[in-house]
Amino acid sequence: TGSMPQVTVPDNSVDYVFTDPPFGGNLNYSELNFIWESWLKVQTNNKPEAVINDTQKKGLNEYQFLMEKSFMEYYRVLKPNHWMTVEFHNSQNSIWNAISEALMRAGFVVADIRVLDKKGVSFQQATSSTAVKQDLVISAYKPKESFIREFQKNAGDPEMAWEFVRQHLRNVPVVADGNHDGKLDVIAERQDYLLFDRMV
C-alpha cells in the first residue's frame, strides 16, 4: 500500500498490474475524507494526488504529469513482456488524451481498448444525461528488453518499424468470439490503420 510514485517494489518483479486511477476531475478524493480525517486527526497529503482540482491548483497538465509518474512506476516494477490493465471512466477527450499520452511516455504499448458494460447504473448515471455510462478497459504491455535495446540502438531504421509491428502482433489476440455465436469478431488492433497508429 502507499502512493504509487513512492513504492518500494523491486524493478521487473511484478507479473500483472490492474489499476483504476483517478479520472481527471470526476471526484475530489482527498476532500471526500475531510470530515472523517478531522475526526481521526489525520490529513491526507494531497500534493501527489493525480486529480484535476481548482482548489489544489491542479489542471490538465498537472494531472497528466502525475499520471505519467505513476505509469512510469508501473513500468519500472512490471516484468518485460507483461501486461497492465487500466480501467478508465471519463467522457472528456482531453482527459483521454492525457491518459494516452502518459501511458506512451512511460513506455507502454497499448494493445487493446474495450468497453466494460457493468449492466447496472449508478443513481447519477440513471438521472443525468451527461454522466458516463460505461468504462473503458485499456490493455497495455511493457515491451521486451531486447526490443527496447535494439530500438534505442537502431532508432530511425525502417526495419525497427517492422520489428515493432511483428512484436505488437505477437501480443494482440488472433481471434475472438465475444458473442459466443460462432462468428469471429474483428480484432481492431490487427487492422492496418491501428497498426500504423501504434507504430507511429
# chains A, B, ... in the order shown; residues from 1 in each chain; ligands from 1

call {"tool": "select_by_dssp", "arguments": {"residues": "stretch 53-200 of chain A", "states": "alpha helix (DSSP H)", "output": "ChimeraX atom specification"}}
result
/A:60-77,93-106,123-127,145-153,158-171,192-199

call {"tool": "write_last_selection", "arguments": {"atoms": "C-alpha atoms", "output": "compact mmCIF listing (two decimals), in the first residue's frame"}}
result
# COMPACT_ATOMS: atom_id res chain seq x y z
CA LEU A 60 -4.88 19.04 -17.01
CA ASN A 61 -1.08 19.42 -17.26
CA GLU A 62 -0.55 18.62 -13.58
CA TYR A 63 -2.91 15.65 -13.83
CA GLN A 64 -1.07 14.25 -16.86
CA PHE A 65 2.32 14.75 -15.19
CA LEU A 66 1.21 12.93 -12.02
CA MET A 67 -0.38 10.09 -14.03
CA GLU A 68 2.81 9.77 -16.08
CA LYS A 69 4.87 9.46 -12.87
CA SER A 70 2.55 6.68 -11.70
CA PHE A 71 2.65 4.86 -15.04
CA MET A 72 6.45 5.12 -15.01
CA GLU A 73 6.48 3.31 -11.67
CA TYR A 74 4.15 0.64 -13.03
CA TYR A 75 6.52 0.29 -15.98
CA ARG A 76 9.55 0.03 -13.69
CA VAL A 77 8.12 -2.76 -11.50
CA ASN A 93 -11.36 13.87 -24.85
CA SER A 94 -8.77 15.98 -23.04
CA ILE A 95 -8.64 13.50 -20.12
CA TRP A 96 -8.49 10.55 -22.51
CA ASN A 97 -5.61 12.21 -24.39
CA ALA A 98 -3.78 12.89 -21.12
CA ILE A 99 -4.05 9.23 -20.07
CA SER A 100 -2.98 8.01 -23.54
CA GLU A 101 0.00 10.39 -23.62
CA ALA A 102 1.05 9.43 -20.09
CA LEU A 103 0.94 5.71 -20.97
CA MET A 104 3.01 6.26 -24.10
CA ARG A 105 5.61 8.46 -22.38
CA ALA A 106 6.00 5.87 -19.64
CA PHE A 123 -28.02 6.94 -9.42
CA GLN A 124 -26.13 9.69 -11.25
CA GLN A 125 -25.95 7.64 -14.45
CA ALA A 126 -29.69 6.98 -14.29
CA THR A 127 -30.68 10.60 -13.64
CA GLU A 145 14.08 -5.51 -23.03
CA SER A 146 15.79 -6.89 -26.15
CA PHE A 147 13.37 -4.92 -28.33
CA ILE A 148 13.95 -1.73 -26.31
CA ARG A 149 17.76 -2.11 -26.59
CA GLU A 150 17.53 -2.78 -30.33
CA PHE A 151 15.14 0.11 -30.82
CA GLN A 152 17.43 2.55 -28.98
CA LYS A 153 20.47 1.29 -30.90
CA PRO A 158 12.79 1.46 -41.08
CA GLU A 159 13.39 -2.18 -40.09
CA MET A 160 12.63 -1.22 -36.47
CA ALA A 161 9.14 -0.13 -37.53
CA TRP A 162 8.54 -3.62 -38.92
CA GLU A 163 10.07 -5.19 -35.81
CA PHE A 164 7.62 -3.18 -33.69
CA VAL A 165 4.70 -4.41 -35.82
CA ARG A 166 5.89 -8.03 -35.51
CA GLN A 167 6.23 -7.69 -31.71
CA HIS A 168 2.85 -5.99 -31.43
CA LEU A 169 1.07 -8.67 -33.47
CA ARG A 170 2.55 -11.33 -31.17
CA ASN A 171 0.92 -9.51 -28.23
CA ASP A 192 -3.76 -1.77 -40.80
CA TYR A 193 -4.70 1.76 -39.70
CA LEU A 194 -4.38 0.88 -36.00
CA LEU A 195 -1.08 -0.93 -36.54
CA PHE A 196 0.17 2.18 -38.28
CA ASP A 197 -1.09 4.35 -35.42
CA ARG A 198 0.64 2.22 -32.78
CA MET A 199 3.86 2.12 -34.79

call {"tool": "closest_residue", "arguments": {"among": "A:Tyr29, A:Val174, A:Lys79, A:Lys41", "to": "A:Pro10", "atoms": "only C-alpha atoms"}}
result
A:Lys79

call {"tool": "closest_residue", "arguments": {"among": "A:Gly156, A:Pro173, A:Gly59, A:Pro143", "to": "A:Val200", "atoms": "only C-alpha atoms"}}
result
A:Gly156

call {"tool": "closest_residue", "arguments": {"among": "A:Asn53, A:Ser139, A:Asn81, A:Gln134", "to": "A:Ser13", "atoms": "only C-alpha atoms"}}
result
A:Asn81

call {"tool": "select_by_dssp", "arguments": {"residues": "stretch 71-108 of chain A", "states": "strand (DSSP E)", "output": "compact mmCIF listing (two decimals) with C-alpha atoms, in the first residue's frame"}}
result
# COMPACT_ATOMS: atom_id res chain seq x y z
CA LEU A 78 6.37 -4.74 -14.27
CA LYS A 79 8.29 -7.60 -15.85
CA PRO A 80 9.15 -7.17 -19.55
CA ASN A 81 6.54 -8.55 -21.95
CA HIS A 82 3.91 -8.45 -19.18
CA TRP A 83 0.64 -6.58 -19.03
CA MET A 84 -1.17 -3.75 -17.31
CA THR A 85 -4.91 -3.12 -17.37
CA VAL A 86 -6.21 0.41 -16.82
CA GLU A 87 -9.88 0.97 -16.12
CA PHE A 88 -10.88 4.43 -17.30

call {"tool": "atom_distance", "arguments": {"atom1": "atom CA of A:Asn45", "atom2": "atom CA of A:Glu31"}}
result
10.9 Å
